[in-house]
>>> print(open('final_2.txt').read())   # compact mmCIF, C-alpha atoms and all ligand atoms
# COMPACT_ATOMS: atom_id res chain seq x y z
CA MET A 1 -28.96 -4.55 69.16
CA GLN A 2 -29.49 -2.34 72.16
CA THR A 3 -32.94 -1.95 73.77
CA VAL A 4 -33.57 1.39 75.48
CA LYS A 5 -36.53 2.39 77.62
CA THR A 6 -35.87 5.99 78.64
CA GLN A 7 -35.38 9.14 76.56
CA GLN A 8 -31.98 9.70 78.10
CA MET A 9 -30.84 6.19 77.12
CA LEU A 10 -32.28 6.79 73.64
CA ARG A 11 -30.29 10.01 73.17
CA THR A 12 -27.11 8.32 74.38
CA ALA A 13 -27.62 5.33 72.09
CA LEU A 14 -28.46 7.47 69.03
CA ALA A 15 -25.31 9.63 69.22
CA PRO A 16 -22.82 7.01 67.96
CA LEU A 17 -25.23 5.96 65.17
CA ARG A 18 -25.11 9.48 63.74
CA VAL A 19 -21.32 9.67 63.50
CA GLY A 20 -19.96 10.45 60.02
CA ASN A 21 -23.26 11.47 58.38
CA ALA A 22 -24.63 7.93 58.75
CA THR A 23 -28.36 7.74 57.96
CA ILE A 24 -31.01 6.45 60.36
CA ALA A 25 -34.33 4.84 59.40
CA LEU A 26 -37.17 4.62 61.91
CA VAL A 27 -39.73 1.80 61.86
CA PRO A 28 -42.48 2.63 64.38
CA THR A 29 -44.55 -0.36 65.57
CA MET A 30 -46.76 -1.51 68.40
CA GLY A 31 -44.96 -4.87 68.54
CA ALA A 32 -46.51 -8.33 68.00
CA LEU A 33 -44.31 -8.33 64.94
CA HIS A 34 -45.09 -10.31 61.79
CA GLU A 35 -43.72 -10.52 58.27
CA GLY A 36 -45.34 -7.18 57.40
CA HIS A 37 -43.27 -5.38 60.04
CA LEU A 38 -40.14 -7.31 59.06
CA THR A 39 -40.66 -6.18 55.46
CA LEU A 40 -40.63 -2.58 56.69
CA VAL A 41 -37.41 -3.30 58.60
CA ARG A 42 -35.77 -4.89 55.54
CA ARG A 43 -36.70 -1.91 53.34
CA ALA A 44 -35.34 0.40 56.03
CA ARG A 45 -32.15 -1.65 56.32
CA ALA A 46 -31.65 -1.50 52.55
CA GLU A 47 -31.99 2.28 52.46
CA ALA A 48 -30.29 3.54 55.62
CA ASP A 49 -27.06 2.86 57.47
CA HIS A 50 -28.88 2.10 60.73
CA VAL A 51 -32.41 1.03 61.62
CA VAL A 52 -34.12 2.15 64.81
CA ALA A 53 -37.37 0.28 65.57
CA SER A 54 -39.85 1.39 68.18
CA ILE A 55 -42.32 -0.76 70.06
CA PHE A 56 -44.95 1.12 72.00
CA VAL A 57 -48.58 0.04 72.46
CA ASN A 58 -49.89 3.59 72.39
CA PRO A 59 -52.83 3.97 74.80
CA LYS A 60 -53.88 7.26 73.16
CA GLN A 61 -54.90 5.54 69.93
CA PHE A 62 -57.26 3.01 71.56
CA GLY A 63 -60.90 3.86 72.34
CA PRO A 64 -62.46 3.01 75.72
CA ASN A 65 -64.02 -0.23 74.44
CA GLU A 66 -61.12 -1.30 72.26
CA ASP A 67 -58.41 -3.92 72.70
CA LEU A 68 -55.67 -1.98 74.56
CA ASP A 69 -55.56 -4.53 77.40
CA SER A 70 -55.66 -7.61 75.18
CA TYR A 71 -53.34 -6.24 72.47
CA PRO A 72 -50.53 -8.83 72.18
CA ARG A 73 -47.33 -7.91 74.00
CA GLN A 74 -44.21 -10.04 73.40
CA LEU A 75 -41.21 -7.75 73.77
CA ALA A 76 -38.56 -10.50 74.12
CA ALA A 77 -39.73 -12.36 71.00
CA ASP A 78 -40.05 -9.11 69.05
CA ALA A 79 -36.56 -8.01 70.11
CA ALA A 80 -35.10 -11.32 68.90
CA MET A 81 -36.78 -10.87 65.50
CA LEU A 82 -35.46 -7.31 65.17
CA GLU A 83 -31.97 -8.34 66.19
CA ALA A 84 -32.00 -11.04 63.49
CA GLU A 85 -32.83 -8.30 60.94
CA ASP A 86 -29.79 -6.26 61.98
CA VAL A 87 -31.75 -3.51 63.74
CA ALA A 88 -29.29 -1.29 65.63
CA LEU A 89 -31.57 0.05 68.34
CA LEU A 90 -34.96 -0.80 69.83
CA TRP A 91 -36.81 2.09 71.47
CA ALA A 92 -39.34 0.50 73.83
CA PRO A 93 -40.63 3.10 76.28
CA ASP A 94 -43.44 2.42 78.73
CA ALA A 95 -46.46 4.74 78.91
CA ALA A 96 -44.91 6.87 81.69
CA ALA A 97 -41.76 7.46 79.62
CA MET A 98 -43.80 8.47 76.56
CA TYR A 99 -46.46 10.46 78.43
CA PRO A 100 -44.97 11.73 81.71
CA PRO A 101 -47.38 13.13 84.32
CA GLY A 102 -48.86 16.41 83.09
CA PHE A 103 -48.65 15.48 79.39
CA ALA A 104 -51.34 17.69 77.85
CA THR A 105 -50.81 18.00 74.08
CA ASN A 106 -52.99 16.49 71.40
CA ILE A 107 -52.31 16.61 67.66
CA SER A 108 -55.45 16.47 65.55
CA VAL A 109 -55.29 16.43 61.75
CA ALA A 110 -58.68 17.59 60.46
CA GLY A 111 -60.11 16.33 57.19
CA VAL A 112 -58.10 13.25 56.37
CA SER A 113 -58.67 11.86 59.91
CA ASP A 114 -62.42 12.36 59.88
CA GLY A 115 -63.98 9.65 57.70
CA LEU A 116 -63.42 5.89 57.36
CA CYS A 117 -61.59 4.56 60.47
CA GLY A 118 -61.70 8.05 62.03
CA ALA A 119 -65.50 7.94 62.02
CA ALA A 120 -65.61 4.45 63.52
CA ARG A 121 -62.80 5.10 66.04
CA PRO A 122 -63.14 8.67 67.40
CA GLY A 123 -59.80 10.04 68.64
CA HIS A 124 -57.80 7.17 67.12
CA PHE A 125 -55.88 9.29 64.61
CA ASP A 126 -55.23 12.03 67.17
CA GLY A 127 -53.47 9.36 69.23
CA VAL A 128 -51.52 8.15 66.20
CA ALA A 129 -50.51 11.67 65.09
CA THR A 130 -49.47 12.64 68.62
CA VAL A 131 -47.26 9.62 69.22
CA VAL A 132 -45.72 9.62 65.72
CA CYS A 133 -44.87 13.32 66.05
CA LYS A 134 -43.14 12.51 69.34
CA LEU A 135 -41.29 9.56 67.78
CA PHE A 136 -40.06 11.78 64.92
CA ASN A 137 -38.79 14.36 67.41
CA GLN A 138 -37.24 11.75 69.70
CA VAL A 139 -35.38 9.81 67.02
CA ALA A 140 -34.98 12.50 64.30
CA PRO A 141 -34.69 9.89 61.55
CA ASP A 142 -33.62 10.52 57.95
CA MET A 143 -36.52 8.32 56.87
CA ALA A 144 -39.50 6.59 58.49
CA PHE A 145 -41.33 3.52 57.15
CA PHE A 146 -45.06 2.73 57.49
CA GLY A 147 -47.21 -0.02 55.98
CA GLU A 148 -49.84 0.88 53.38
CA LYS A 149 -52.14 -1.58 55.14
CA ASP A 150 -52.98 1.39 57.40
CA PHE A 151 -53.55 3.64 54.40
CA GLN A 152 -55.47 6.35 56.22
CA GLN A 153 -52.88 6.39 59.00
CA LEU A 154 -50.17 7.01 56.40
CA ALA A 155 -52.18 9.91 54.94
CA VAL A 156 -52.70 11.39 58.44
CA ILE A 157 -48.97 11.12 59.24
CA ARG A 158 -47.98 12.72 55.93
CA ALA A 159 -50.45 15.60 56.51
CA MET A 160 -49.24 16.06 60.10
CA ALA A 161 -45.58 16.18 59.02
CA ARG A 162 -46.41 18.64 56.23
CA ASP A 163 -48.51 20.93 58.44
CA LEU A 164 -46.07 20.97 61.37
CA ASP A 165 -43.00 21.43 59.14
CA LEU A 166 -41.60 18.14 60.37
CA THR A 167 -38.87 18.12 57.79
CA ARG A 168 -35.20 17.84 58.68
CA PRO A 169 -34.09 17.64 61.52
CA HIS A 170 -37.32 15.92 62.71
CA VAL A 171 -37.75 13.51 59.77
CA ASP A 172 -36.58 13.72 56.17
CA ALA A 173 -38.77 11.23 54.29
CA ILE A 174 -41.93 9.26 55.06
CA ILE A 175 -42.04 6.06 53.03
CA GLY A 176 -45.14 3.88 52.54
CA VAL A 177 -44.54 0.17 51.92
CA PRO A 178 -47.07 -2.10 50.11
CA THR A 179 -49.15 -4.45 52.25
CA VAL A 180 -47.75 -7.92 52.89
CA ARG A 181 -50.35 -10.69 52.48
CA GLU A 182 -50.83 -14.30 53.56
CA ALA A 183 -50.99 -16.94 50.82
CA ASP A 184 -54.80 -16.59 50.62
CA GLY A 185 -54.57 -12.81 50.28
CA LEU A 186 -55.43 -11.76 53.86
CA ALA A 187 -53.42 -8.68 54.81
CA MET A 188 -50.99 -9.44 57.64
CA SER A 189 -52.01 -7.83 60.92
CA SER A 190 -51.20 -8.34 64.58
CA ARG A 191 -54.97 -8.60 65.13
CA ASN A 192 -55.28 -11.67 62.84
CA ARG A 193 -54.20 -13.74 65.83
CA TYR A 194 -57.56 -12.95 67.50
CA LEU A 195 -59.33 -15.03 64.78
CA THR A 196 -60.52 -18.58 65.42
CA PRO A 197 -59.54 -21.08 62.66
CA GLU A 198 -63.05 -20.78 61.16
CA GLN A 199 -62.94 -16.97 61.23
CA ARG A 200 -59.42 -17.01 59.79
CA ALA A 201 -60.61 -19.14 56.85
CA ALA A 202 -63.63 -16.90 56.29
CA ALA A 203 -61.48 -13.74 56.50
CA ALA A 204 -59.93 -14.53 53.10
CA ALA A 205 -63.25 -13.41 51.61
CA LEU A 206 -62.22 -9.81 52.36
CA PRO A 207 -59.30 -9.46 49.91
CA ARG A 208 -61.11 -11.70 47.42
CA ALA A 209 -64.27 -9.59 47.40
CA MET A 210 -62.18 -6.43 47.21
CA GLN A 211 -60.33 -7.66 44.12
CA VAL A 212 -63.67 -8.55 42.50
CA ALA A 213 -65.12 -5.13 43.33
CA ALA A 214 -62.02 -3.30 42.07
CA ALA A 215 -62.12 -5.23 38.79
CA ALA A 216 -65.86 -4.55 38.41
CA ILE A 217 -65.40 -0.81 38.99
CA LYS A 218 -62.52 -0.72 36.51
CA GLY A 219 -64.71 -2.63 34.07
CA GLY A 220 -67.47 -0.01 34.27
CA THR A 221 -69.80 -1.33 36.98
CA GLY A 222 -71.21 1.52 39.09
CA VAL A 223 -69.34 2.17 42.34
CA ALA A 224 -72.46 1.82 44.54
CA GLU A 225 -73.42 -1.45 42.87
CA ALA A 226 -69.91 -2.94 43.18
CA LEU A 227 -69.66 -1.91 46.84
CA GLY A 228 -73.12 -3.35 47.54
CA THR A 229 -72.05 -6.69 46.05
CA LEU A 230 -68.83 -6.60 48.11
CA GLU A 231 -70.75 -6.04 51.34
CA ALA A 232 -73.20 -8.84 50.54
CA GLU A 233 -70.31 -11.21 49.82
CA LEU A 234 -68.65 -10.41 53.15
CA LEU A 235 -71.86 -10.96 55.11
CA ALA A 236 -72.46 -14.25 53.26
CA ALA A 237 -68.90 -15.36 54.08
CA GLY A 238 -69.49 -14.91 57.82
CA PHE A 239 -68.52 -11.30 58.54
CA ALA A 240 -70.77 -9.83 61.24
CA SER A 241 -70.85 -6.23 60.00
CA ILE A 242 -69.15 -3.76 57.70
CA ASP A 243 -67.92 -0.45 59.15
CA TYR A 244 -67.32 0.95 55.69
CA ALA A 245 -66.61 -0.08 52.11
CA THR A 246 -65.59 3.05 50.23
CA LEU A 247 -63.94 4.10 47.00
CA ALA A 248 -61.90 7.21 47.78
CA ASP A 249 -59.43 9.56 46.20
CA ALA A 250 -56.05 8.03 47.08
CA ALA A 251 -54.54 11.36 48.19
CA SER A 252 -57.39 13.15 49.99
CA LEU A 253 -59.42 10.04 50.95
CA VAL A 254 -62.57 11.93 49.92
CA PRO A 255 -65.18 9.33 48.83
CA LEU A 256 -65.74 8.94 45.08
CA GLU A 257 -69.06 8.06 43.47
CA THR A 258 -67.43 7.39 40.12
CA LEU A 259 -63.98 6.36 39.00
CA GLY A 260 -62.31 9.37 37.37
CA GLU A 261 -58.82 10.31 36.30
CA ALA A 262 -57.35 10.58 39.83
CA GLN A 263 -55.79 7.60 41.61
CA ALA A 264 -58.51 5.80 43.56
CA ARG A 265 -58.32 3.45 46.52
CA LEU A 266 -60.86 0.90 47.70
CA LEU A 267 -60.89 0.80 51.52
CA VAL A 268 -62.85 -1.60 53.72
CA ALA A 269 -63.25 -2.19 57.46
CA ALA A 270 -65.35 -5.16 58.52
CA ARG A 271 -65.90 -7.15 61.68
CA ILE A 272 -65.63 -10.90 61.97
CA GLY A 273 -66.48 -12.21 65.43
CA GLY A 274 -65.08 -9.54 67.75
CA THR A 275 -62.22 -8.63 65.43
CA ARG A 276 -62.15 -5.60 63.18
CA LEU A 277 -60.15 -6.12 59.97
CA ILE A 278 -59.12 -3.36 57.56
CA ASP A 279 -57.73 -3.56 54.05
CA ASN A 280 -57.24 -1.36 50.98
CA ILE A 281 -56.16 -1.74 47.37
CA ALA A 282 -55.48 0.56 44.44
CA VAL A 283 -58.15 0.85 41.77
CA GLY A 284 -56.55 2.04 38.54
CA SER A 285 -58.46 4.53 36.39
O1 LIG B 1 -49.25 1.26 62.85
C1 LIG B 1 -48.93 1.16 64.06
O2 LIG B 1 -48.44 0.13 64.53
C2 LIG B 1 -49.17 2.35 64.98
O3 LIG B 1 -50.36 3.00 64.67
C3 LIG B 1 -48.00 3.32 65.04
C4 LIG B 1 -47.74 3.99 63.69
C5 LIG B 1 -46.74 2.60 65.50
C6 LIG B 1 -48.29 4.45 66.05
O4 LIG B 1 -48.54 3.94 67.31
>>> encode(input="final_2.txt", output="structure tokens", more="lines below")
Ligand code: PAF
Amino acid sequence: MQTVKTQQMLRTALAPLRVGNATIALVPTMGALHEGHLTLVRRARAEADHVVASIFVNPKQFGPNEDLDSYPRQLAADAAMLEAEDVALLWAPDAAAMYPPGFATNISVAGVSDGLCGAARPGHFDGVATVVCKLFNQVAPDMAFFGEKDFQQLAVIRAMARDLDLTRPHVDAIIGVPTVREADGLAMSSRNRYLTPEQRAAAAALPRAMQVAAAAIKGGTGVAEALGTLEAELLAAGFASIDYATLADAASLVPLETLGEAQARLLVAARIGGTRLIDNIAVGS
């Protein structure tokens, strides 16, 4: 596996991968890799001839009081994991290579970016959309893989690609991969490593309470009542606050007051200690 840090090196390294109509899958990440990322890589490896992974802790998607400085960085360990998964190329630019002096463009996807995490983290999805658009243009993959753990992010990226006509040659398919969970149900996340052992144990209440709420809603309990119970359970388990607990249309992410015919998704963001955890699950109609 080759690691490249400049756009020129990236272009040079991509050329031989494209020979003979070979397909390329892109797995964009911010590093601090865990089994969730490796699952994306394995799916990518199964479906394309070559996998390109990117590691870039994107400053544009962090707010002023967020964890940009403390976000875990472990490039050598991450590179070893990717190499073991038969990744062909690691694109690991620094901030100056991604955003050279004078960089002035911002991509903002209205609507789907606005609620949920977008409301709690102003500008976050602009940063995500901007860097992912750049990654699509830089790598021009046949397919790109993203985890459903960041469900709203996936919706923003799909809307951005649709609106900006980012079809071939920029990217051919955007593929969402189901969330990978720890044995107790907690969704894998690079931020889980911020949790103390006590917080980590308490965090399992999040997926548990979400499953209970989803089953209650499916069983006919009112949405507001089920979400109220979920929030009370999280606070009782040791969560400090809940940013949101919402039932939403799975495609538009517009909040739902009742479960109808459309696919619905239960999405939650809650804080435990100083760590913000997010999760989402399908709620069948
Ligand atoms: O999900 C992530 O790790 C990031 O938001 C992404 C998609 C790599 C963009 O920086």
>>> atom_distance(input="final_2.txt", atom1="atom CA of Thr167 of chain A", atom2="atom CA of Leu116 of chain A")
27.4 Å
>>> closest_atom_pairs(input="final_2.txt", of="chain A", to="ligand LIG 1 (chain B)", cutoff="7 Å", atoms="only C-alpha atoms and all ligand atoms", output="Markdown table")
| residue | atom | partner | partner_atom | distance |
| --- | --- | --- | --- | --- |
| A:Pro28 | CA | B:LIG1 | C5 | 4.4 |
| A:Thr29 | CA | B:LIG1 | C5 | 3.7 |
| A:Met30 | CA | B:LIG1 | O2 | 4.5 |
| A:Phe56 | CA | B:LIG1 | O4 | 6.5 |
| A:Val57 | CA | B:LIG1 | O4 | 6.5 |
| A:Asn58 | CA | B:LIG1 | O4 | 5.3 |
| A:Val128 | CA | B:LIG1 | C6 | 4.9 |
| A:Val131 | CA | B:LIG1 | O4 | 6.1 |
| A:Val132 | CA | B:LIG1 | C6 | 5.8 |
| A:Phe146 | CA | B:LIG1 | C4 | 6.9 |
| A:Asp150 | CA | B:LIG1 | O1 | 6.6 |
>>> closest_residue(input="final_2.txt", among="A:Asp142, A:Ala32, A:Met81, A:Ala44", to="Arg18 of chain A", atoms="only C-alpha atoms")
A:Asp142
>>> residues_near_point(input="final_2.txt", point="(-65.6, -6.7, 48.6)", cutoff="12 Å", atoms="all atoms listed in the file", output="PyMOL selection string")
chain A and resi 203-217+223-237+239+242+244-247+266-270+278-281
>>> closest_atom_pairs(input="final_2.txt", of="segment 122-149 of chain A", to="segment 89-93 of chain A", cutoff="10 Å", atoms="all atoms listed in the file", output="CSV")
residue,atom,partner,partner_atom,distance
A:Leu135,CA,A:Trp91,CA,9.5
A:Gln138,CA,A:Trp91,CA,9.8
A:Val139,CA,A:Trp91,CA,9.0
>>> atom_distance(input="final_2.txt", atom1="atom CA of Asp249 of chain A", atom2="atom CA of Glu35 of chain A")
28.2 Å
>>> atom_distance(input="final_2.txt", atom1="atom CA of Ala155 of chain A", atom2="atom CA of Ile107 of chain A")
14.4 Å
>>> closest_residue(input="final_2.txt", among="A:Gln7, A:Ile175, A:Asp49, A:Pro72", to="Pro100 of chain A", atoms="all atoms listed in the file")
A:Gln7
>>> closest_residue(input="final_2.txt", among="A:Lys149, A:Ala187, A:Ala173, A:Met1", to="Val52 of chain A", atoms="only C-alpha atoms")
A:Met1
>>> residues_near_point(input="final_2.txt", point="(-55.0, 9.7, 62.7)", cutoff="7 Å", atoms="only C-alpha atoms", output="PyMOL selection string")
chain A and resi 109+113+118+124-129+153+156
>>> write_last_selection(input="final_2.txt", atoms="C-alpha atoms", output="short mmCIF file (atom, residue, chain, number, x, y, z; two decimals), keeping the file's coordinate frame")
data_model
loop_
_atom_site.label_atom_id
_atom_site.label_comp_id
_atom_site.auth_asym_id
_atom_site.auth_seq_id
_atom_site.Cartn_x
_atom_site.Cartn_y
_atom_site.Cartn_z
CA VAL A 109 -55.29 16.43 61.75
CA SER A 113 -58.67 11.86 59.91
CA GLY A 118 -61.70 8.05 62.03
CA HIS A 124 -57.80 7.17 67.12
CA PHE A 125 -55.88 9.29 64.61
CA ASP A 126 -55.23 12.03 67.17
CA GLY A 127 -53.47 9.36 69.23
CA VAL A 128 -51.52 8.15 66.20
CA ALA A 129 -50.51 11.67 65.09
CA GLN A 153 -52.88 6.39 59.00
CA VAL A 156 -52.70 11.39 58.44
#
>>> residues_around(input="final_2.txt", residues="Ala48 of chain A", least_positions_apart="4", cutoff="12 Å", atoms="all atoms listed in the file", output="list in words")
Leu17, Arg18, Asn21, Ala22, Thr23, Ile24, Ala25, Leu26, Val27, Val41, Arg42, Arg43, Ala44, Val52, Asp86, Val87, Ala88, Pro141, Asp142, Met143, Ala144, Phe145, Asp172 and Ala173 of chain A
>>> closest_residue(input="final_2.txt", among="A:Phe136, A:Glu148, A:Phe103, A:Ser252", to="Arg181 of chain A", atoms="only C-alpha atoms")
A:Glu148
>>> axis_aligned_box(input="final_2.txt", around="segment 41-59 of chain A", padding_each_side="4 Å", output="AutoDock Vina command-line options")
--center_x -39.9 --center_y -0.5 --center_z 63.6 --size_x 33.8 --size_y 16.9 --size_z 30.3
>>> closest_residue(input="final_2.txt", among="A:Lys134, A:Arg11, A:Arg271, A:His34", to="Leu195 of chain A", atoms="all atoms listed in the file")
A:Arg271
>>> closest_residue(input="final_2.txt", among="A:Gln152, A:Ser70, A:Asn106, A:Ser241", to="Arg193 of chain A", atoms="only C-alpha atoms")
A:Ser70
>>> residues_around(input="final_2.txt", residues="Ala161 of chain A", least_positions_apart="4", cutoff="9 Å", atoms="only C-alpha atoms", output="ChimeraX atom specification")
/A:133,156-157,165-167,171,174
>>> decode(input="final_2.txt", residues="segment 140-152 of chain A", atoms="N, CA, C and O atoms", output="tab-separated table (two decimals), in the first residue's frame")
chain	number	residue	atom	x	y	z
A	140	ALA	N	-12.10	10.44	-7.96
A	140	ALA	CA	-13.00	9.99	-9.03
A	140	ALA	C	-13.29	8.50	-8.92
A	140	ALA	O	-13.01	7.73	-9.85
A	141	PRO	N	-13.86	8.07	-7.80
A	141	PRO	CA	-14.05	6.63	-7.60
A	141	PRO	C	-15.29	6.11	-8.34
A	141	PRO	O	-16.22	6.87	-8.63
A	142	ASP	N	-15.31	4.82	-8.61
A	142	ASP	CA	-16.52	4.19	-9.17
A	142	ASP	C	-17.57	4.07	-8.07
A	142	ASP	O	-18.76	4.06	-8.36
A	143	MET	N	-17.12	3.91	-6.84
A	143	MET	CA	-18.07	3.80	-5.72
A	143	MET	C	-17.41	4.35	-4.45
A	143	MET	O	-16.20	4.30	-4.31
A	144	ALA	N	-18.25	4.87	-3.55
A	144	ALA	CA	-17.73	5.40	-2.28
A	144	ALA	C	-18.59	4.85	-1.16
A	144	ALA	O	-19.82	4.75	-1.30
A	145	PHE	N	-17.95	4.47	-0.05
A	145	PHE	CA	-18.63	3.78	1.05
A	145	PHE	C	-18.65	4.66	2.30
A	145	PHE	O	-17.62	5.21	2.70
A	146	PHE	N	-19.84	4.73	2.94
A	146	PHE	CA	-20.01	5.52	4.17
A	146	PHE	C	-20.83	4.70	5.15
A	146	PHE	O	-21.74	3.96	4.75
A	147	GLY	N	-20.56	4.88	6.45
A	147	GLY	CA	-21.32	4.15	7.46
A	147	GLY	C	-22.68	4.78	7.72
A	147	GLY	O	-22.81	6.01	7.73
A	148	GLU	N	-23.68	3.94	7.94
A	148	GLU	CA	-25.02	4.45	8.28
A	148	GLU	C	-25.06	5.01	9.70
A	148	GLU	O	-26.03	5.64	10.08
A	149	LYS	N	-24.02	4.77	10.47
A	149	LYS	CA	-23.96	5.36	11.82
A	149	LYS	C	-24.15	6.88	11.72
A	149	LYS	O	-24.82	7.49	12.54
A	150	ASP	N	-23.52	7.48	10.71
A	150	ASP	CA	-23.70	8.92	10.44
A	150	ASP	C	-24.80	9.05	9.38
A	150	ASP	O	-24.54	9.38	8.23
A	151	PHE	N	-26.03	8.78	9.80
A	151	PHE	CA	-27.14	8.65	8.85
A	151	PHE	C	-27.44	9.97	8.16
A	151	PHE	O	-27.70	10.01	6.95
A	152	GLN	N	-27.41	11.05	8.93
A	152	GLN	CA	-27.69	12.37	8.34
A	152	GLN	C	-26.57	12.76	7.38
A	152	GLN	O	-26.82	13.32	6.31
